[in-house]
>>> print(open('entry34.csv').read())   # CSV, C-alpha atoms
chain,number,residue,atom,x,y,z
A,1,MET,CA,0.0,0.0,0.0
A,2,SER,CA,2.8,2.4,0.9
A,3,ALA,CA,4.6,1.7,-2.3
A,4,LEU,CA,1.5,2.3,-4.4
A,5,LEU,CA,0.9,5.6,-2.6
A,6,ALA,CA,4.5,6.7,-3.1
A,7,ALA,CA,4.4,5.8,-6.8
A,8,PHE,CA,1.1,7.6,-7.3
A,9,LEU,CA,2.2,10.8,-5.5
A,10,ALA,CA,5.5,10.8,-7.5
A,11,LEU,CA,3.7,10.4,-10.8
A,12,VAL,CA,1.4,13.3,-10.2
A,13,GLY,CA,4.3,15.5,-9.2
A,14,ALA,CA,3.5,15.9,-5.5
A,15,PRO,CA,6.2,17.8,-3.5
A,16,LEU,CA,8.6,15.7,-1.5
A,17,PHE,CA,7.2,16.8,1.8
A,18,VAL,CA,3.7,15.7,0.8
A,19,LEU,CA,5.0,12.3,-0.3
A,20,ILE,CA,7.0,11.8,3.0
A,21,ALA,CA,4.2,13.1,5.3
A,22,ALA,CA,1.6,10.9,3.5
A,23,LEU,CA,3.7,7.8,3.9
A,24,ALA,CA,4.2,8.6,7.6
A,25,LEU,CA,0.4,9.1,8.2
A,26,LEU,CA,-0.4,6.0,6.3
A,27,GLY,CA,2.1,3.9,8.2
A,28,PHE,CA,0.9,5.1,11.6
A,29,TYR,CA,-2.7,4.6,10.6
A,30,GLN,CA,-2.1,1.0,9.5
A,31,GLY,CA,-0.2,0.4,12.7
A,32,GLY,CA,-3.1,1.7,14.8
A,33,ILE,CA,-1.0,4.6,16.3
A,34,ASP,CA,-2.6,7.9,17.0
A,35,LEU,CA,-1.8,10.3,14.1
A,36,GLN,CA,-1.1,13.1,16.6
A,37,VAL,CA,2.4,11.6,16.9
A,38,VAL,CA,3.2,13.2,13.5
A,39,PHE,CA,2.5,16.7,14.8
A,40,ILE,CA,4.3,15.9,18.0
A,41,GLU,CA,7.4,15.3,15.9
A,42,MET,CA,6.9,18.5,14.0
A,43,TYR,CA,6.6,20.4,17.3
A,44,ARG,CA,9.8,18.7,18.5
A,45,LEU,CA,11.6,20.0,15.4
A,46,ALA,CA,10.2,23.5,16.0
A,47,SER,CA,11.6,23.5,19.6
A,48,SER,CA,15.1,22.5,18.5
A,49,PRO,CA,17.6,25.2,19.4
A,50,ALA,CA,19.6,24.6,16.2
A,51,LEU,CA,16.6,25.3,14.0
A,52,THR,CA,16.9,29.1,14.4
A,53,ALA,CA,20.3,29.0,12.9
A,54,ILE,CA,19.0,28.0,9.5
A,55,PRO,CA,16.9,31.1,8.6
A,56,LEU,CA,19.4,33.4,10.2
A,57,PHE,CA,22.4,32.1,8.3
A,58,ALA,CA,20.3,31.9,5.1
A,59,PHE,CA,19.3,35.6,5.5
A,60,THR,CA,23.0,36.5,6.1
A,61,GLY,CA,23.8,34.8,2.8
A,62,PHE,CA,21.0,36.6,0.9
A,63,LEU,CA,22.3,39.9,2.2
A,64,LEU,CA,25.9,39.1,1.1
A,65,ALA,CA,24.8,38.0,-2.3
A,66,GLU,CA,22.6,41.1,-2.9
A,67,SER,CA,25.4,43.5,-1.9
A,68,GLN,CA,28.7,44.2,-3.6
A,69,ALA,CA,30.5,41.9,-1.1
A,70,PRO,CA,31.2,39.2,-3.7
A,71,ARG,CA,32.9,41.7,-6.0
A,72,ARG,CA,35.0,43.1,-3.2
A,73,LEU,CA,36.1,39.6,-2.3
A,74,VAL,CA,37.0,38.8,-5.9
A,75,HIS,CA,39.0,42.0,-6.1
A,76,PHE,CA,40.8,41.3,-2.9
A,77,SER,CA,41.7,37.8,-3.9
A,78,GLN,CA,42.8,38.9,-7.4
A,79,VAL,CA,45.2,41.4,-5.9
A,80,VAL,CA,46.5,39.0,-3.2
A,81,LEU,CA,46.8,35.9,-5.5
A,82,GLY,CA,46.7,37.2,-9.0
A,83,TRP,CA,50.5,37.6,-9.4
A,84,LEU,CA,51.0,33.8,-8.9
A,85,PRO,CA,50.9,31.5,-11.9
A,86,GLY,CA,47.4,30.2,-11.8
A,87,GLY,CA,46.6,32.7,-9.1
A,88,LEU,CA,43.4,33.9,-10.7
A,89,ALA,CA,42.0,30.4,-10.9
A,90,LEU,CA,43.0,29.8,-7.3
A,91,MET,CA,41.3,33.0,-6.4
A,92,ALA,CA,38.1,31.9,-8.2
A,93,LEU,CA,38.2,28.6,-6.3
A,94,GLY,CA,38.6,30.2,-2.9
A,95,VAL,CA,36.0,33.0,-3.3
A,96,CYS,CA,33.4,30.6,-4.6
A,97,ALA,CA,34.0,28.2,-1.7
A,98,LEU,CA,33.8,31.1,0.8
A,99,LEU,CA,30.6,32.5,-0.7
A,100,THR,CA,28.9,29.1,-0.8
A,101,ALA,CA,29.8,28.5,2.9
A,102,LEU,CA,28.3,31.8,3.8
A,103,THR,CA,25.2,31.6,1.6
A,104,GLY,CA,24.6,27.8,1.9
A,105,ALA,CA,23.8,27.6,-1.8
A,106,SER,CA,26.1,26.5,-4.5
A,107,GLY,CA,23.7,27.7,-7.2
A,108,MET,CA,23.6,31.2,-5.8
A,109,THR,CA,27.4,31.4,-6.1
A,110,ILE,CA,27.4,30.4,-9.7
A,111,VAL,CA,24.7,33.0,-10.5
A,112,ALA,CA,26.3,35.8,-8.5
A,113,LEU,CA,30.0,35.2,-9.6
A,114,GLY,CA,29.9,33.0,-12.6
A,115,GLY,CA,29.8,35.7,-15.3
A,116,LEU,CA,32.3,37.9,-13.5
A,117,LEU,CA,34.9,35.1,-12.9
A,118,TYR,CA,34.4,33.5,-16.3
A,119,GLN,CA,35.2,36.8,-18.1
A,120,ALA,CA,38.3,37.3,-15.9
A,121,LEU,CA,39.6,33.8,-16.5
A,122,ARG,CA,39.1,34.1,-20.3
A,123,ALA,CA,40.7,37.5,-20.3
A,124,GLN,CA,43.9,35.9,-19.0
A,125,GLN,CA,43.6,33.2,-21.7
A,126,TYR,CA,42.7,30.3,-19.4
A,127,PRO,CA,41.3,27.4,-21.5
A,128,GLU,CA,37.6,27.6,-22.0
A,129,SER,CA,37.0,24.0,-20.8
A,130,PHE,CA,39.1,24.6,-17.7
A,131,SER,CA,37.3,27.8,-16.8
A,132,LEU,CA,33.8,26.3,-17.3
A,133,GLY,CA,34.8,23.1,-15.3
A,134,LEU,CA,36.2,25.2,-12.5
A,135,LEU,CA,33.2,27.5,-12.1
A,136,THR,CA,30.7,24.6,-12.4
A,137,THR,CA,32.3,22.6,-9.6
A,138,CYS,CA,34.1,24.9,-7.2
A,139,GLY,CA,31.0,26.5,-5.6
A,140,SER,CA,29.9,23.3,-3.9
A,141,LEU,CA,33.3,23.1,-2.1
A,142,GLY,CA,32.0,25.5,0.5
A,143,LEU,CA,29.3,23.1,1.8
A,144,LEU,CA,31.8,21.5,4.2
A,145,PHE,CA,32.8,24.9,5.7
A,146,PRO,CA,30.7,26.5,8.5
A,147,PRO,CA,28.1,27.9,8.6
A,148,SER,CA,26.9,25.4,5.9
A,149,LEU,CA,23.2,24.8,6.0
A,150,PRO,CA,23.5,21.1,5.0
A,151,LEU,CA,25.8,20.6,8.1
A,152,ILE,CA,23.1,22.1,10.3
A,153,VAL,CA,20.4,19.9,8.7
A,154,TYR,CA,22.5,16.8,9.2
A,155,GLY,CA,23.0,17.8,12.8
A,156,ILE,CA,19.3,18.1,13.4
A,157,ILE,CA,18.4,14.8,11.8
A,158,SER,CA,21.2,12.8,13.4
A,159,GLN,CA,21.0,14.7,16.8
A,160,THR,CA,24.7,15.6,16.5
A,161,PRO,CA,26.0,18.9,18.0
A,162,VAL,CA,26.3,21.4,15.2
A,163,ASP,CA,29.4,23.1,16.6
A,164,LEU,CA,31.2,19.7,16.3
A,165,LEU,CA,30.1,19.4,12.7
A,166,PHE,CA,31.3,22.9,11.9
A,167,LEU,CA,34.7,22.0,13.4
A,168,ALA,CA,34.9,18.6,11.7
A,169,GLY,CA,34.3,20.1,8.2
A,170,LEU,CA,37.3,22.4,8.3
A,171,LEU,CA,40.1,19.9,7.5
A,172,PRO,CA,38.2,17.9,4.8
A,173,GLY,CA,37.1,21.2,3.2
A,174,LEU,CA,40.7,22.5,3.2
A,175,LEU,CA,41.9,19.3,1.7
A,176,LEU,CA,39.5,19.6,-1.2
A,177,VAL,CA,40.4,23.2,-1.7
A,178,ALA,CA,44.1,22.4,-1.5
A,179,VAL,CA,44.0,19.6,-4.0
A,180,LEU,CA,41.9,21.5,-6.5
A,181,GLY,CA,44.0,24.6,-5.9
A,182,PHE,CA,47.2,22.7,-6.7
A,183,TYR,CA,45.6,21.6,-10.0
A,184,CYS,CA,44.8,25.2,-10.7
A,185,LEU,CA,48.4,26.2,-10.0
A,186,LEU,CA,49.7,23.5,-12.4
A,187,VAL,CA,47.3,24.6,-15.2
A,188,GLY,CA,48.3,28.3,-14.6
A,189,ARG,CA,52.0,27.4,-14.6
A,190,ALA,CA,51.7,25.4,-17.8
A,191,GLN,CA,49.9,28.3,-19.5
A,192,HIS,CA,52.1,31.0,-17.8
A,193,HIS,CA,49.1,32.8,-16.3
A,194,ALA,CA,50.3,35.4,-13.8
A,195,GLY,CA,49.5,39.0,-13.2
A,196,PRO,CA,51.6,41.8,-11.9
A,197,ARG,CA,52.7,41.9,-8.2
A,198,PRO,CA,50.5,44.4,-6.2
A,199,SER,CA,52.1,47.4,-4.6
A,200,GLY,CA,52.0,47.9,-0.9
A,201,GLN,CA,49.5,50.7,-1.3
A,202,GLU,CA,47.2,48.6,-3.5
A,203,PHE,CA,47.4,45.7,-1.0
A,204,LEU,CA,46.4,47.9,1.9
A,205,GLN,CA,43.5,49.5,-0.1
A,206,VAL,CA,41.9,46.1,-1.0
A,207,CYS,CA,42.4,44.9,2.6
A,208,TRP,CA,40.6,48.0,3.9
A,209,ALA,CA,37.8,47.8,1.3
A,210,SER,CA,37.1,44.1,2.1
A,211,ALA,CA,37.9,44.2,5.9
A,212,ALA,CA,34.3,44.0,7.0
A,213,GLU,CA,33.5,40.8,5.0
A,214,LEU,CA,36.8,39.2,5.8
A,215,LEU,CA,36.2,39.7,9.5
A,216,LEU,CA,32.8,37.9,9.4
A,217,PRO,CA,34.2,34.3,9.6
A,218,LEU,CA,36.5,35.4,12.4
A,219,VAL,CA,33.6,36.9,14.3
A,220,LEU,CA,31.5,33.7,13.9
A,221,PHE,CA,34.3,31.2,14.6
A,222,SER,CA,35.7,33.0,17.6
A,223,GLY,CA,32.3,33.4,19.1
A,224,ILE,CA,31.4,29.7,18.7
A,225,TYR,CA,34.7,28.1,19.6
A,226,GLY,CA,35.5,30.7,22.2
A,227,GLY,CA,32.5,29.5,24.1
A,228,MET,CA,30.9,32.9,24.0
A,229,VAL,CA,27.8,32.0,21.8
A,230,ALA,CA,26.0,28.9,20.7
A,231,PRO,CA,25.7,28.3,16.9
A,232,SER,CA,22.1,29.7,16.9
A,233,GLU,CA,23.3,32.8,18.7
A,234,ALA,CA,26.2,33.1,16.2
A,235,ALA,CA,23.7,33.0,13.4
A,236,ALA,CA,21.9,36.0,14.9
A,237,LEU,CA,25.2,37.8,15.5
A,238,GLY,CA,26.2,37.1,11.8
A,239,ALA,CA,22.9,38.4,10.5
A,240,VAL,CA,23.1,41.6,12.5
A,241,TYR,CA,26.8,42.1,11.6
A,242,VAL,CA,26.1,41.8,7.8
A,243,PHE,CA,23.0,43.9,8.1
A,244,VAL,CA,25.0,46.7,9.7
A,245,VAL,CA,27.9,46.4,7.2
A,246,GLU,CA,25.9,46.1,4.0
A,247,VAL,CA,22.8,48.1,4.8
A,248,VAL,CA,24.0,50.8,7.2
A,249,LEU,CA,27.7,51.3,6.5
A,250,HIS,CA,28.0,50.5,2.8
A,251,ARG,CA,24.4,51.4,2.0
A,252,GLU,CA,24.4,48.9,-0.9
A,253,ILE,CA,21.0,47.4,0.0
A,254,PRO,CA,18.2,49.9,0.2
A,255,LEU,CA,15.6,49.3,2.9
A,256,ARG,CA,12.9,48.8,0.4
A,257,ARG,CA,14.7,45.6,-0.8
A,258,LEU,CA,14.7,44.0,2.7
A,259,PRO,CA,11.1,42.7,2.5
A,260,GLY,CA,11.9,41.0,-0.8
A,261,LEU,CA,15.1,39.4,0.6
A,262,ILE,CA,13.2,38.3,3.7
A,263,CYS,CA,10.6,36.6,1.5
A,264,ASP,CA,13.3,34.9,-0.6
A,265,THR,CA,14.9,33.6,2.6
A,266,LEU,CA,11.6,32.3,3.9
A,267,VAL,CA,10.8,30.5,0.7
A,268,LEU,CA,14.2,28.8,0.7
A,269,VAL,CA,14.1,28.0,4.5
A,270,GLY,CA,10.4,27.1,4.5
A,271,GLY,CA,11.0,24.4,1.8
A,272,ILE,CA,13.8,22.9,3.9
A,273,LEU,CA,11.9,23.0,7.2
A,274,ILE,CA,8.7,21.5,5.7
A,275,VAL,CA,10.6,18.6,4.2
A,276,LEU,CA,12.6,18.2,7.5
A,277,ALA,CA,9.5,18.1,9.6
A,278,ALA,CA,7.8,15.5,7.4
A,279,ALA,CA,11.0,13.4,7.3
A,280,LEU,CA,11.4,13.4,11.1
A,281,ALA,CA,7.8,12.1,11.5
A,282,TYR,CA,8.4,9.4,8.9
A,283,THR,CA,11.7,8.5,10.6
A,284,ASN,CA,9.7,7.9,13.8
A,285,TYR,CA,7.4,5.6,11.9
A,286,LEU,CA,10.4,3.7,10.4
A,287,VAL,CA,11.8,3.2,13.9
A,288,ASP,CA,8.5,1.9,15.2
A,289,ALA,CA,8.2,-0.4,12.3
A,290,GLU,CA,11.8,-1.6,12.9
A,291,VAL,CA,12.9,-0.8,9.4
A,292,PRO,CA,16.4,0.3,10.3
A,293,ALA,CA,16.9,-2.8,12.4
A,294,ARG,CA,15.9,-5.0,9.5
A,295,PHE,CA,18.1,-3.0,7.1
A,296,LEU,CA,21.0,-3.4,9.6
A,297,ALA,CA,20.5,-7.2,9.7
A,298,PHE,CA,20.4,-7.3,5.9
A,299,VAL,CA,23.6,-5.3,5.6
A,300,GLN,CA,25.5,-7.2,8.3
A,301,ALA,CA,24.6,-10.5,6.6
A,302,ARG,CA,26.4,-9.4,3.4
A,303,ILE,CA,29.1,-6.9,4.6
A,304,ASP,CA,31.8,-8.2,7.0
A,305,SER,CA,34.1,-5.3,7.6
A,306,ARG,CA,33.9,-1.6,8.4
A,307,LEU,CA,36.1,-0.8,5.3
A,308,GLU,CA,33.8,-2.7,3.0
A,309,PHE,CA,30.8,-0.9,4.5
A,310,LEU,CA,32.4,2.5,3.9
A,311,LEU,CA,33.1,1.5,0.2
A,312,TRP,CA,29.5,0.5,-0.4
A,313,LEU,CA,28.3,3.6,1.5
A,314,ASN,CA,30.3,5.9,-0.8
A,315,LEU,CA,28.9,4.1,-3.9
A,316,LEU,CA,25.3,4.5,-2.5
A,317,LEU,CA,25.7,8.1,-1.7
A,318,LEU,CA,27.3,9.0,-5.0
A,319,VAL,CA,24.2,7.5,-6.7
A,320,VAL,CA,21.9,9.3,-4.3
A,321,GLY,CA,23.8,12.6,-4.9
A,322,CYS,CA,23.2,12.2,-8.7
A,323,MET,CA,19.5,11.7,-8.2
A,324,LEU,CA,18.4,13.9,-5.3
A,325,ASP,CA,19.2,17.4,-4.1
A,326,ILE,CA,21.3,17.6,-1.0
A,327,PHE,CA,18.5,18.4,1.5
A,328,SER,CA,16.2,15.6,0.2
A,329,ALA,CA,19.0,13.1,0.3
A,330,LEU,CA,19.9,14.0,3.9
A,331,VAL,CA,16.3,13.6,5.2
A,332,VAL,CA,15.6,10.4,3.3
A,333,VAL,CA,18.9,8.5,3.7
A,334,VAL,CA,20.4,9.6,7.0
A,335,PRO,CA,17.8,7.9,9.3
A,336,LEU,CA,18.4,4.6,7.5
A,337,ILE,CA,22.1,4.7,7.3
A,338,LEU,CA,22.9,6.2,10.8
A,339,PRO,CA,22.1,3.1,12.9
A,340,VAL,CA,24.0,0.8,10.4
A,341,ALA,CA,27.0,3.1,10.5
A,342,GLN,CA,27.0,3.0,14.3
A,343,ALA,CA,27.0,-0.8,14.2
A,344,TYR,CA,30.2,-0.6,12.1
A,345,GLU,CA,31.7,1.9,14.6
A,346,VAL,CA,31.6,4.8,12.3
A,347,HIS,CA,31.5,8.1,14.3
A,348,PRO,CA,28.3,10.1,13.6
A,349,VAL,CA,30.4,13.2,13.0
A,350,HIS,CA,32.7,11.4,10.5
A,351,LEU,CA,29.6,9.9,8.8
A,352,GLY,CA,28.2,13.4,8.4
A,353,ILE,CA,31.3,14.7,6.7
A,354,VAL,CA,31.4,11.6,4.4
A,355,PHE,CA,27.7,12.2,3.6
A,356,LEU,CA,28.3,15.8,2.6
A,357,ALA,CA,31.5,15.1,0.7
A,358,ASN,CA,29.6,12.6,-1.5
A,359,LEU,CA,26.6,14.8,-2.0
A,360,GLU,CA,28.9,17.7,-2.8
A,361,ILE,CA,30.3,15.7,-5.7
A,362,GLY,CA,26.7,14.9,-6.7
A,363,TYR,CA,26.1,18.6,-7.4
A,364,SER,CA,28.4,18.3,-10.4
A,365,THR,CA,27.4,14.9,-11.8
A,366,PRO,CA,24.6,13.9,-14.2
A,367,PRO,CA,21.8,13.2,-14.6
A,368,VAL,CA,20.4,15.8,-12.1
A,369,GLY,CA,23.5,17.6,-10.7
A,370,LEU,CA,22.2,21.0,-9.6
A,371,ASN,CA,25.4,22.8,-10.5
A,372,LEU,CA,25.2,21.5,-14.1
A,373,PHE,CA,21.7,22.8,-14.6
A,374,ILE,CA,22.5,26.2,-13.1
A,375,ALA,CA,25.8,26.6,-15.0
A,376,SER,CA,24.0,25.5,-18.2
A,377,LEU,CA,21.6,28.4,-17.8
A,378,ARG,CA,24.3,30.9,-16.6
A,379,PHE,CA,26.8,30.1,-19.4
A,380,ASP,CA,24.4,29.0,-22.1
A,381,ARG,CA,26.1,25.7,-22.6
A,382,PRO,CA,24.6,22.1,-22.9
A,383,LEU,CA,24.7,19.9,-19.9
A,384,ALA,CA,26.8,17.2,-21.6
A,385,GLU,CA,29.6,19.7,-22.3
A,386,LEU,CA,29.6,21.0,-18.7
A,387,ALA,CA,29.6,17.4,-17.4
A,388,LEU,CA,32.6,16.6,-19.6
A,389,VAL,CA,34.7,19.7,-18.7
A,390,SER,CA,33.9,19.1,-15.0
A,391,LEU,CA,35.3,15.6,-15.1
A,392,PRO,CA,38.9,16.4,-14.0
A,393,PHE,CA,37.6,18.3,-11.0
A,394,VAL,CA,35.2,15.5,-10.1
A,395,VAL,CA,38.0,12.9,-10.3
A,396,LEU,CA,40.1,15.0,-7.9
A,397,GLN,CA,37.2,15.3,-5.5
A,398,LEU,CA,36.7,11.5,-5.6
A,399,LEU,CA,40.4,11.0,-4.7
A,400,CYS,CA,39.9,13.4,-1.7
A,401,LEU,CA,36.7,11.5,-0.8
A,402,ILE,CA,38.7,8.3,-0.5
A,403,VAL,CA,41.1,10.1,1.9
A,404,ILE,CA,38.2,11.6,3.9
A,405,THR,CA,36.4,8.3,4.1
A,406,TYR,CA,39.3,6.0,5.2
A,407,LEU,CA,41.3,8.5,7.3
A,408,PRO,CA,38.7,9.6,10.0
A,409,TRP,CA,41.4,11.9,11.5
A,410,PHE,CA,40.5,14.5,8.9
A,411,SER,CA,37.0,14.7,10.3
A,412,LEU,CA,37.8,14.0,14.0
A,413,GLY,CA,41.3,15.4,14.5
A,414,LEU,CA,40.1,18.8,15.6
A,415,LEU,CA,37.4,17.6,18.0
>>> encode(input="entry34.csv", output="structure tokens")
Amino acid sequence: MSALLAAFLALVGAPLFVLIAALALLGFYQGGIDLQVVFIEMYRLASSPALTAIPLFAFTGFLLAESQAPRRLVHFSQVVLGWLPGGLALMALGVCALLTALTGASGMTIVALGGLLYQALRAQQYPESFSLGLLTTCGSLGLLFPPSLPLIVYGIISQTPVDLLFLAGLLPGLLLVAVLGFYCLLVGRAQHHAGPRPSGQEFLQVCWASAAELLLPLVLFSGIYGGMVAPSEAAALGAVYVFVVEVVLHREIPLRRLPGLICDTLVLVGGILIVLAAALAYTNYLVDAEVPARFLAFVQARIDSRLEFLLWLNLLLLVVGCMLDIFSALVVVVPLILPVAQAYEVHPVHLGIVFLANLEIGYSTPPVGLNLFIASLRFDRPLAELALVSLPFVVLQLLCLIVITYLPWFSLGLL
């Protein structure tokens, strides 16, 4: 019955939260359980302290994307790194990763910076295929850096402290940026792409112009890991900080634009929260029906070792990342995989980083990689071409994924 209902709702194009909530309601009804339990789970989500961080960090990202902050960061990075062979490509990589971490949306980064960075790369005669592949893939790198929204969502679903996930994502994220950055430097060196060295005065000018945005990560990290604020309080602090900088000091966002930005934020966050609430209710049904326990028994009968489990987990998540967006994948797959991973002694924090590293790669892989679709619209190129030019970057990310998966120290070393 549940399978037929799911198939019908999928065929008629029902939203994901409708499908998940309907399955939860049907399951509880067939089990003779009071349907109020669904709304109790939704209330439990609403009372979660980490929940308030999602809309506040999202609003911070919308404010940054609407202002001239991305252009200032690009100019700063270009002056600081542009004199290196491949420095402009390295700058594009770093700025996209930083903006994605702050906005929580890889697609927003491609839309906001794609045209600007593509023109800059082509002006310095970087190969067209390299430029398109870099800009299609590099935005999603920021999903492992705080205050990444997917990290917060994973923390809520798995009941893992968000501040630990923020800390755990730093080294894996830096590994990915370092490996891709080294590739960018090799390409730049082979093509002899290097700009003039900045003067001391020019360096000081760009530092002053970008100082407020550059201080934002420092304000957030020092507040969280200095024990002064919780992640939800840091989200409020970040939103106020960016509002003061971009609206009051720089005056780049007029007050009449704020209602529109708030609406955009609520649409994005509302979609995430509705799916999350329905998924938590469905997870409760799955636990009552002992589905994770049966799935664990099925896996343990076929997989003997922890290393083999991690291999199959990566293959599963790469397929999931190709088929679902990152938030849908988290709410659907995490409740099933988490108890199985614990049985194989995989730390929940390490599991979260492996999850996001896989789904991050899925952003740039067909058939439904979100980065491919957005880059196709932004650069007016076919999906097949973008998938092909992204292949070297995806291969390097897969190599990093192996390291992140089988060397848990990268995720747990700072905890």
>>> atom_distance(input="entry34.csv", atom1="CA of Leu185 in chain A", atom2="CA of Gly86 in chain A")
4.5 Å
>>> atom_distance(input="entry34.csv", atom1="CA of Arg256 in chain A", atom2="CA of Phe62 in chain A")
14.7 Å
>>> residues_around(input="entry34.csv", residues="range 298-303 of chain A", least_positions_apart="4", cutoff="9 Å", atoms="only C-alpha atoms", output="compact mmCIF listing (two decimals) with C-alpha atoms, in the coordinates of the input")
# COMPACT_ATOMS: atom_id res chain seq x y z
CA ALA A 293 16.90 -2.80 12.40
CA ARG A 294 15.90 -5.00 9.50
CA GLU A 308 33.80 -2.70 3.00
CA PHE A 309 30.80 -0.90 4.50
CA TRP A 312 29.50 0.50 -0.40
CA VAL A 340 24.00 0.80 10.40
CA ALA A 343 27.00 -0.80 14.20
CA TYR A 344 30.20 -0.60 12.10
>>> residues_around(input="entry34.csv", residues="Ser411 in chain A", least_positions_apart="4", cutoff="9 Å", atoms="all atoms listed in the file", output="PyMOL selection string")
chain A and resi 165+167-172+349-351+353-354+404-405+407+415
>>> write_last_selection(input="entry34.csv", atoms="C-alpha atoms", output="PDB file, in the coordinates of the input")
ATOM      1  CA  LEU A 165      30.100  19.400  12.700  1.00  0.00           C
ATOM      2  CA  LEU A 167      34.700  22.000  13.400  1.00  0.00           C
ATOM      3  CA  ALA A 168      34.900  18.600  11.700  1.00  0.00           C
ATOM      4  CA  GLY A 169      34.300  20.100   8.200  1.00  0.00           C
ATOM      5  CA  LEU A 170      37.300  22.400   8.300  1.00  0.00           C
ATOM      6  CA  LEU A 171      40.100  19.900   7.500  1.00  0.00           C
ATOM      7  CA  PRO A 172      38.200  17.900   4.800  1.00  0.00           C
ATOM      8  CA  VAL A 349      30.400  13.200  13.000  1.00  0.00           C
ATOM      9  CA  HIS A 350      32.700  11.400  10.500  1.00  0.00           C
ATOM     10  CA  LEU A 351      29.600   9.900   8.800  1.00  0.00           C
ATOM     11  CA  ILE A 353      31.300  14.700   6.700  1.00  0.00           C
ATOM     12  CA  VAL A 354      31.400  11.600   4.400  1.00  0.00           C
ATOM     13  CA  ILE A 404      38.200  11.600   3.900  1.00  0.00           C
ATOM     14  CA  THR A 405      36.400   8.300   4.100  1.00  0.00           C
ATOM     15  CA  LEU A 407      41.300   8.500   7.300  1.00  0.00           C
ATOM     16  CA  LEU A 415      37.400  17.600  18.000  1.00  0.00           C
TER      17      LEU A 415
END
>>> closest_residue(input="entry34.csv", among="A:Phe182, A:Leu149, A:Leu56, A:Gln159", to="Leu93 in chain A", atoms="all atoms listed in the file")
A:Phe182
>>> closest_residue(input="entry34.csv", among="A:Ile110, A:Leu391, A:Ile152, A:Ala22", to="Cys96 in chain A", atoms="only C-alpha atoms")
A:Ile110
>>> atom_distance(input="entry34.csv", atom1="CA of Val331 in chain A", atom2="CA of Gly94 in chain A")
29.0 Å
>>> closest_residue(input="entry34.csv", among="A:Leu186, A:Tyr282, A:Gly61, A:Ile156", to="Leu84 in chain A", atoms="only C-alpha atoms")
A:Leu186
>>> closest_residue(input="entry34.csv", among="A:Leu276, A:Leu307, A:Ala123, A:Leu144", to="Leu330 in chain A", atoms="only C-alpha atoms")
A:Leu276
>>> closest_residue(input="entry34.csv", among="A:Leu134, A:Leu51, A:Ile274, A:Leu64", to="His250 in chain A", atoms="only C-alpha atoms")
A:Leu64
>>> closest_residue(input="entry34.csv", among="A:Leu356, A:Leu310, A:Leu23, A:Leu180", to="Gly133 in chain A", atoms="all atoms listed in the file")
A:Leu180
>>> residues_around(input="entry34.csv", residues="range 199-203 of chain A", least_positions_apart="3", cutoff="10 Å", atoms="all atoms listed in the file", output="PyMOL selection string")
chain A and resi 76+79-80+196+206-208
>>> residues_around(input="entry34.csv", residues="range 361-369 of chain A", least_positions_apart="4", cutoff="12 Å", atoms="all atoms listed in the file", output="VMD selection string")
chain A and resid 105 to 107 132 to 144 176 314 to 327 329 354 to 357 373 to 376 382 to 401
